[in-house]
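Below is the file entry.txt, which contains compact mmCIF, C-alpha atoms and all ligand atoms.
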# COMPACT_ATOMS: atom_id res chain seq x y z
CA MET A 1 -31.59 -78.26 -23.65
CA ARG A 2 -33.46 -75.83 -21.41
CA LEU A 3 -34.32 -76.92 -17.86
CA ASP A 4 -36.78 -74.99 -15.69
CA TYR A 5 -37.50 -75.68 -12.02
CA LEU A 6 -40.68 -74.44 -10.33
CA THR A 7 -40.17 -74.58 -6.55
CA ILE A 8 -40.60 -72.61 -3.31
CA PHE A 9 -36.89 -73.26 -2.66
CA PRO A 10 -35.07 -72.15 -5.86
CA GLU A 11 -31.75 -72.04 -4.01
CA PHE A 12 -31.80 -75.86 -4.03
CA PHE A 13 -30.75 -75.65 -7.66
CA ASP A 14 -27.71 -73.41 -7.17
CA VAL A 15 -25.75 -76.68 -6.92
CA LEU A 16 -26.31 -77.29 -10.63
CA GLY A 17 -23.67 -74.66 -11.35
CA ILE A 18 -20.99 -76.98 -9.94
CA SER A 19 -18.91 -79.71 -11.64
CA LEU A 20 -20.02 -81.48 -14.81
CA LEU A 21 -23.42 -79.86 -15.03
CA GLY A 22 -21.78 -76.50 -14.39
CA LYS A 23 -19.48 -77.10 -17.36
CA ALA A 24 -22.46 -78.09 -19.50
CA VAL A 25 -24.07 -74.75 -18.59
CA ASP A 26 -20.83 -72.84 -19.31
CA ASN A 27 -20.56 -74.62 -22.67
CA GLY A 28 -24.12 -73.68 -23.53
CA ILE A 29 -25.21 -77.33 -23.81
CA VAL A 30 -27.71 -76.86 -20.99
CA ASP A 31 -29.63 -73.72 -19.96
CA ILE A 32 -30.91 -73.82 -16.36
CA HIS A 33 -33.58 -71.57 -14.79
CA ALA A 34 -34.92 -71.98 -11.24
CA HIS A 35 -38.09 -70.04 -10.39
CA ASP A 36 -39.65 -69.23 -7.02
CA LEU A 37 -43.30 -70.31 -7.25
CA ARG A 38 -44.19 -67.45 -4.90
CA THR A 39 -43.45 -65.10 -7.82
CA TRP A 40 -46.93 -66.01 -8.99
CA THR A 41 -48.75 -65.26 -5.72
CA HIS A 42 -50.52 -61.96 -5.09
CA ASP A 43 -51.36 -61.88 -1.40
CA ARG A 44 -49.33 -60.31 1.38
CA HIS A 45 -48.20 -63.69 2.71
CA ARG A 46 -47.36 -65.04 -0.77
CA THR A 47 -49.53 -68.09 -0.05
CA VAL A 48 -48.95 -71.25 -2.09
CA ASP A 49 -50.94 -73.79 -0.04
CA ASP A 50 -54.37 -74.36 1.46
CA THR A 51 -56.25 -77.01 3.44
CA PRO A 52 -57.18 -80.23 1.59
CA CYS A 53 -60.73 -80.52 0.21
CA GLY A 54 -62.37 -83.51 1.89
CA GLY A 55 -60.31 -83.00 5.05
CA GLY A 56 -57.16 -84.79 6.12
CA ALA A 57 -53.81 -83.77 7.54
CA GLY A 58 -51.39 -81.29 6.05
CA MET A 59 -51.76 -78.76 3.25
CA VAL A 60 -52.13 -78.94 -0.53
CA MET A 61 -50.41 -76.63 -3.05
CA LYS A 62 -52.92 -74.23 -4.62
CA PRO A 63 -53.40 -74.49 -8.42
CA ASP A 64 -53.34 -70.75 -9.21
CA PRO A 65 -49.59 -70.05 -8.82
CA TRP A 66 -48.75 -73.10 -10.95
CA GLY A 67 -51.16 -72.07 -13.69
CA GLU A 68 -49.78 -68.54 -13.83
CA ALA A 69 -46.22 -69.88 -13.84
CA PHE A 70 -47.10 -72.15 -16.78
CA ASP A 71 -48.63 -69.16 -18.59
CA ASP A 72 -45.43 -67.13 -18.19
CA LEU A 73 -42.95 -69.94 -18.89
CA LEU A 74 -44.77 -71.95 -21.53
CA GLY A 75 -47.74 -69.95 -22.79
CA ALA A 76 -51.12 -71.57 -23.41
CA ASP A 77 -50.42 -73.35 -26.71
CA PRO A 78 -50.09 -77.15 -26.49
CA ASP A 79 -46.62 -78.44 -27.32
CA PRO A 80 -45.91 -82.15 -26.75
CA SER A 81 -42.18 -81.51 -27.20
CA VAL A 82 -42.22 -79.78 -23.80
CA HIS A 83 -41.78 -82.31 -20.99
CA VAL A 84 -43.25 -81.49 -17.57
CA VAL A 85 -41.73 -83.71 -14.90
CA ILE A 86 -43.50 -83.96 -11.56
CA PRO A 87 -41.50 -85.86 -8.93
CA THR A 88 -43.99 -87.61 -6.64
CA PRO A 89 -43.99 -90.66 -4.37
CA SER A 90 -47.02 -91.89 -6.32
CA GLY A 91 -45.25 -91.67 -9.68
CA THR A 92 -44.00 -94.41 -11.95
CA PRO A 93 -40.43 -95.49 -11.09
CA PHE A 94 -37.80 -93.27 -12.73
CA ARG A 95 -35.44 -95.58 -14.59
CA GLN A 96 -32.41 -95.29 -16.84
CA ASP A 97 -34.66 -95.59 -19.89
CA ASP A 98 -36.59 -92.52 -18.73
CA ALA A 99 -33.31 -90.62 -18.33
CA ALA A 100 -32.25 -91.73 -21.82
CA GLN A 101 -35.55 -90.64 -23.40
CA LEU A 102 -35.62 -87.30 -21.56
CA SER A 103 -31.98 -86.63 -22.52
CA HIS A 104 -33.27 -85.99 -26.06
CA ALA A 105 -35.78 -83.33 -24.94
CA ASP A 106 -35.26 -79.69 -25.84
CA ARG A 107 -37.27 -78.45 -22.87
CA ILE A 108 -38.01 -79.96 -19.45
CA VAL A 109 -39.94 -78.20 -16.67
CA PHE A 110 -39.59 -79.79 -13.22
CA CYS A 111 -42.54 -79.05 -10.90
CA CYS A 112 -41.33 -79.53 -7.34
CA GLY A 113 -44.22 -80.07 -4.96
CA ARG A 114 -44.15 -79.72 -1.19
CA TYR A 115 -46.58 -80.40 1.65
CA GLU A 116 -49.07 -83.17 0.78
CA GLY A 117 -48.68 -82.49 -2.93
CA ILE A 118 -50.00 -80.30 -5.75
CA ASP A 119 -53.75 -79.82 -6.52
CA HIS A 120 -54.37 -82.56 -9.09
CA ARG A 121 -56.00 -80.15 -11.52
CA VAL A 122 -52.53 -78.72 -12.18
CA ILE A 123 -51.47 -82.13 -13.51
CA ASP A 124 -54.72 -82.45 -15.48
CA TYR A 125 -54.20 -79.01 -17.05
CA ALA A 126 -50.53 -79.68 -17.85
CA SER A 127 -51.41 -83.05 -19.38
CA GLU A 128 -53.73 -81.29 -21.87
CA HIS A 129 -50.88 -79.06 -23.04
CA TRP A 130 -47.53 -80.81 -22.65
CA SER A 131 -45.95 -84.25 -22.13
CA VAL A 132 -46.34 -84.90 -18.40
CA HIS A 133 -44.27 -87.44 -16.45
CA GLU A 134 -45.20 -88.18 -12.82
CA LEU A 135 -42.06 -89.96 -11.65
CA SER A 136 -40.82 -91.43 -8.37
CA LEU A 137 -37.20 -91.99 -7.33
CA GLY A 138 -38.03 -94.92 -5.11
CA ASP A 139 -40.28 -96.27 -2.39
CA TYR A 140 -39.63 -93.59 0.18
CA VAL A 141 -41.04 -90.13 0.86
CA LEU A 142 -39.01 -86.93 0.76
CA ASN A 143 -40.12 -83.53 2.06
CA GLY A 144 -40.45 -82.20 -1.46
CA GLY A 145 -39.67 -82.78 -5.09
CA GLU A 146 -36.44 -80.73 -5.22
CA VAL A 147 -33.99 -83.49 -4.24
CA ALA A 148 -35.69 -85.88 -6.66
CA ALA A 149 -35.52 -83.25 -9.43
CA LEU A 150 -31.77 -82.84 -8.81
CA ALA A 151 -31.16 -86.59 -9.03
CA MET A 152 -33.24 -86.92 -12.19
CA THR A 153 -31.45 -83.90 -13.69
CA GLU A 154 -28.04 -85.49 -13.18
CA ALA A 155 -29.19 -88.83 -14.61
CA ILE A 156 -30.65 -87.05 -17.67
CA VAL A 157 -28.05 -84.38 -18.41
CA ARG A 158 -25.02 -86.68 -18.13
CA LEU A 159 -26.44 -88.56 -21.14
CA VAL A 160 -26.60 -85.43 -23.31
CA PRO A 161 -23.83 -85.53 -25.95
CA GLY A 162 -20.90 -83.32 -25.03
CA VAL A 163 -21.58 -83.29 -21.28
CA LEU A 164 -19.40 -86.22 -20.22
CA GLY A 165 -15.70 -86.07 -21.13
CA ASN A 166 -15.61 -89.79 -21.88
CA PRO A 167 -18.97 -90.96 -23.30
CA GLU A 168 -17.56 -94.49 -23.67
CA SER A 169 -17.87 -94.96 -19.90
CA LEU A 170 -21.66 -94.72 -20.26
CA SER A 171 -21.82 -98.06 -22.06
CA GLU A 172 -20.32 -99.99 -19.13
CA GLU A 173 -22.51 -98.59 -16.37
CA SER A 174 -25.22 -100.33 -14.45
CA TYR A 175 -28.54 -100.46 -16.28
CA SER A 176 -26.93 -99.39 -19.60
CA GLN A 177 -28.05 -101.23 -22.71
CA ASP A 178 -24.50 -102.50 -23.40
CA GLN A 179 -24.55 -104.05 -19.94
CA GLU A 180 -27.78 -105.86 -20.94
CA GLY A 181 -29.48 -103.88 -18.14
CA LEU A 182 -27.39 -105.71 -15.52
CA LEU A 183 -25.59 -104.21 -12.53
CA GLU A 184 -22.02 -103.05 -13.16
CA TYR A 185 -19.20 -105.46 -12.28
CA PRO A 186 -16.82 -104.58 -9.38
CA VAL A 187 -13.95 -102.28 -10.42
CA TYR A 188 -10.33 -102.11 -9.20
CA THR A 189 -7.26 -99.95 -9.67
CA ARG A 190 -3.66 -99.89 -8.30
CA PRO A 191 -2.08 -101.01 -6.02
CA ALA A 192 -2.34 -104.73 -6.93
CA SER A 193 -2.43 -105.59 -3.22
CA TRP A 194 -4.02 -103.38 -0.55
CA ARG A 195 -4.34 -104.23 3.15
CA GLY A 196 -4.24 -107.92 2.34
CA TRP A 197 -6.76 -107.69 -0.50
CA ASP A 198 -5.56 -108.42 -4.04
CA VAL A 199 -6.95 -107.33 -7.39
CA PRO A 200 -8.48 -110.45 -9.06
CA GLU A 201 -5.71 -112.12 -11.07
CA VAL A 202 -7.68 -112.18 -14.30
CA LEU A 203 -7.69 -108.37 -14.36
CA MET A 204 -3.88 -108.38 -14.25
CA SER A 205 -3.59 -111.04 -17.00
CA GLY A 206 -3.89 -108.71 -19.97
CA HIS A 207 -6.14 -111.33 -21.59
CA HIS A 208 -9.04 -109.18 -22.83
CA GLY A 209 -11.31 -112.13 -23.61
CA HIS A 210 -10.92 -113.60 -20.15
CA ILE A 211 -11.40 -110.18 -18.57
CA ALA A 212 -14.61 -109.54 -20.53
CA GLN A 213 -15.93 -113.00 -19.58
CA TRP A 214 -15.10 -112.44 -15.89
CA ARG A 215 -16.85 -109.06 -15.95
CA ARG A 216 -19.97 -110.53 -17.58
CA GLU A 217 -20.07 -113.29 -14.95
CA GLN A 218 -19.61 -110.76 -12.12
CA SER A 219 -22.42 -108.59 -13.49
CA ARG A 220 -24.80 -111.51 -13.75
CA GLU A 221 -23.95 -112.85 -10.28
CA LEU A 222 -24.29 -109.42 -8.68
CA THR A 223 -27.60 -108.84 -10.46
CA ARG A 224 -28.86 -112.30 -9.48
CA ARG A 225 -28.08 -111.59 -5.83
CA ARG A 226 -29.21 -107.94 -5.58
CA ARG A 227 -31.70 -107.34 -8.37
CA PRO A 228 -33.17 -110.63 -9.67
CA ASP A 229 -36.00 -108.50 -11.06
CA LEU A 230 -33.60 -107.19 -13.70
CA LEU A 231 -32.84 -110.68 -15.03
CA THR A 232 -35.02 -111.28 -18.06
CA ASP A 233 -33.93 -114.84 -18.88
CA GLU A 234 -34.36 -116.52 -15.49
N1 LIG B 1 -39.95 -89.66 -3.28
C1 LIG B 1 -40.59 -88.44 -3.25
N2 LIG B 1 -41.14 -87.87 -2.19
C2 LIG B 1 -41.73 -86.66 -2.48
C3 LIG B 1 -42.43 -85.84 -1.58
C4 LIG B 1 -42.96 -84.67 -2.05
BR1 LIG B 1 -43.89 -83.55 -0.82
C5 LIG B 1 -42.87 -84.27 -3.37
C6 LIG B 1 -42.21 -85.08 -4.26
C7 LIG B 1 -41.65 -86.27 -3.80
S1 LIG B 1 -40.77 -87.48 -4.69

Take the structure from the file and write it as structure tokens.
Ligand SMILES: Nc1nc2cc(Br)ccc2s1
Amino acid sequence: MRLDYLTIFPEFFDVLGISLLGKAVDNGIVDIHAHDLRTWTHDRHRTVDDTPCGGGAGMVMKPDPWGEAFDDLLGADPDPSVHVVIPTPSGTPFRQDDAAQLSHADRIVFCCGRYEGIDHRVIDYASEHWSVHELSLGDYVLNGGEVAALAMTEAIVRLVPGVLGNPESLSEESYSQDQEGLLEYPVYTRPASWRGWDVPEVLMSGHHGHIAQWRREQSRELTRRRRPDLLTDE
């Protein structure tokens, strides 16, 4: 899997060389390239933004640098197997299913906007050539798409075979299919008693059936309280 990041702050993505994702890069599972969008500017000030047409506050990212970056990175031939991800507050919610689908992609290009956003014609042009995903992390606004791209990258890459040491742990996580899309149950480890708080007895019983039942009940109760929207049968 090749991941490209178009951004005016490429150093944001230096962190991807650390820990699990770093190992995935060292093992050749993932190939990461961060690009400074100003590479594709030609004026003395390396300008990437301009005032919004129709007025309004702030600045909008000019289309030219993005188009020239696409030309260099992707060429002009349409290829639906290339996924262009644009983090944006106005995007569709990024969910575990999106991470799962994108984990099968061979190529993902993250376009990290700043200011008031990217000239919409960039999205229109990209949509004619590649598979475009305008995705939001949640109902809040960041200063740019870089932090969102990092979060999406981790959610996607950890699902790629060979990246996680113990892929079995994936099946018991929140939102995973095996968890029926429910929130993950509370987890405990030793000591059995800590500052007056004990590990639930059932988890110390060694009775796997009872433990599985308790965990299912905990997941449903937690989901009912915190995320009733995830419950499909109520
Ligand atoms: N939640 C999000 N906020 C932002 C802001 C900008 Br500016 C660009 C992308 C995103 S994704």

Nearby polymer residues, ligand LIG 1 (chain B), at most 6 Å, all atoms listed in the file, as a PyMOL selection string: chain A and resi 87-89+113-117+136-138+140-145+148

Spatial neighbours of Asp26 in chain A, max dist 12 Å, all atoms listed in the file, sep filter under 4 positions, as a list of chain:residue names: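 Near Asp26 in chain A, the qualifying residues are A:Leu16, A:Gly17, A:Ile18, A:Ser19, A:Leu20, A:Leu21, A:Gly22, A:Val30, A:Asp31, A:Ile32, A:Gly162, A:Val163.
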
Using all atoms listed in the file: which of A:Asp124, A:Glu134, A:Asp106, A:Glu146 has the shortest distance to Val160 in chain A: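 For Val160 in chain A, the nearest of the given residues is A:Asp106.
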
Long-range neighbours of range 179-188 of chain A as a ChimeraX atom specification, 7 Å cut-off, all atoms listed in the file, 5 positions minimum in chain: /A:171-174,199,215,218-220,222-223,230

Gap from CA of Arg158 in chain A to CA of Gly91 in chain A - Å, one decimal: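 So the two atoms, CA of Arg158 in chain A and CA of Gly91 in chain A, lie 22.5 Å apart.
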
Write out as a PDB file with C-alpha atoms, in the coordinates of the input each polymer residue whose atoms come within 12 Å of Val157 in chain A, counting all atoms listed in the file; drop sequence neighbours fewer than 6 positions from it.
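Result saved to result.pdb:
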ATOM      1  CA  MET A   1     -31.590 -78.260 -23.650  1.00  0.00           C
ATOM      2  CA  ARG A   2     -33.460 -75.830 -21.410  1.00  0.00           C
ATOM      3  CA  LEU A   3     -34.320 -76.920 -17.860  1.00  0.00           C
ATOM      4  CA  LEU A  16     -26.310 -77.290 -10.630  1.00  0.00           C
ATOM      5  CA  LEU A  20     -20.020 -81.480 -14.810  1.00  0.00           C
ATOM      6  CA  LEU A  21     -23.420 -79.860 -15.030  1.00  0.00           C
ATOM      7  CA  GLY A  22     -21.780 -76.500 -14.390  1.00  0.00           C
ATOM      8  CA  LYS A  23     -19.480 -77.100 -17.360  1.00  0.00           C
ATOM      9  CA  ALA A  24     -22.460 -78.090 -19.500  1.00  0.00           C
ATOM     10  CA  VAL A  25     -24.070 -74.750 -18.590  1.00  0.00           C
ATOM     11  CA  ILE A  29     -25.210 -77.330 -23.810  1.00  0.00           C
ATOM     12  CA  VAL A  30     -27.710 -76.860 -20.990  1.00  0.00           C
ATOM     13  CA  ASP A  31     -29.630 -73.720 -19.960  1.00  0.00           C
ATOM     14  CA  ILE A  32     -30.910 -73.820 -16.360  1.00  0.00           C
ATOM     15  CA  GLN A  96     -32.410 -95.290 -16.840  1.00  0.00           C
ATOM     16  CA  ASP A  98     -36.590 -92.520 -18.730  1.00  0.00           C
ATOM     17  CA  ALA A  99     -33.310 -90.620 -18.330  1.00  0.00           C
ATOM     18  CA  ALA A 100     -32.250 -91.730 -21.820  1.00  0.00           C
ATOM     19  CA  GLN A 101     -35.550 -90.640 -23.400  1.00  0.00           C
ATOM     20  CA  LEU A 102     -35.620 -87.300 -21.560  1.00  0.00           C
ATOM     21  CA  SER A 103     -31.980 -86.630 -22.520  1.00  0.00           C
ATOM     22  CA  HIS A 104     -33.270 -85.990 -26.060  1.00  0.00           C
ATOM     23  CA  ALA A 105     -35.780 -83.330 -24.940  1.00  0.00           C
ATOM     24  CA  ASP A 106     -35.260 -79.690 -25.840  1.00  0.00           C
ATOM     25  CA  ARG A 107     -37.270 -78.450 -22.870  1.00  0.00           C
ATOM     26  CA  ILE A 108     -38.010 -79.960 -19.450  1.00  0.00           C
ATOM     27  CA  ALA A 149     -35.520 -83.250  -9.430  1.00  0.00           C
ATOM     28  CA  LEU A 150     -31.770 -82.840  -8.810  1.00  0.00           C
ATOM     29  CA  ALA A 151     -31.160 -86.590  -9.030  1.00  0.00           C
ATOM     30  CA  VAL A 163     -21.580 -83.290 -21.280  1.00  0.00           C
ATOM     31  CA  LEU A 164     -19.400 -86.220 -20.220  1.00  0.00           C
TER      32      LEU A 164
END

Protein, DNA and RNA residues within 8 Å of (-38.4, -73.6, -3.1), all atoms listed in the file, as a PyMOL selection string: chain A and resi 6-12+36-37+112+146

Interatomic distance (Å, one decimal) between CA of Lys62 in chain A and CA of Thr47 in chain A: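 It comes out at 8.4 Å.
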
Nearest candidate to Thr92 in chain A (options A:Leu74, A:Leu135, A:Glu128, A:Pro52; using only C-alpha atoms):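 Result for the nearest residue to Thr92 in chain A: A:Leu135.
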
Straight-line distance linking CA of Asp233 in chain A with CA of Asp97 in chain A, stated in Å to one decimal: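 Taking CA of Asp233 in chain A as the start and CA of Asp97 in chain A as the end point, the length is 19.3 Å.
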
Minimum-distance residue to Trp40 in chain A, chosen among A:Asp198, A:Asp14, A:Glu68, A:Asp79 (using all atoms listed in the file):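 Checking each candidate against Trp40 in chain A, we get A:Glu68 as the closest.
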
Listed atoms of range 125-134 of chain A boxed axis-aligned with 4 Å per side, centre + edges as AutoDock Vina command-line options:
--center_x -49.2 --center_y -83.6 --center_z -17.9 --size_x 17.9 --size_y 17.2 --size_z 18.2

Nearest candidate to Asp139 in chain A (options A:Phe94, A:Ala57, A:Arg46, A:Ala192; using all atoms listed in the file):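 Closest to Asp139 in chain A of all the choices is A:Phe94.
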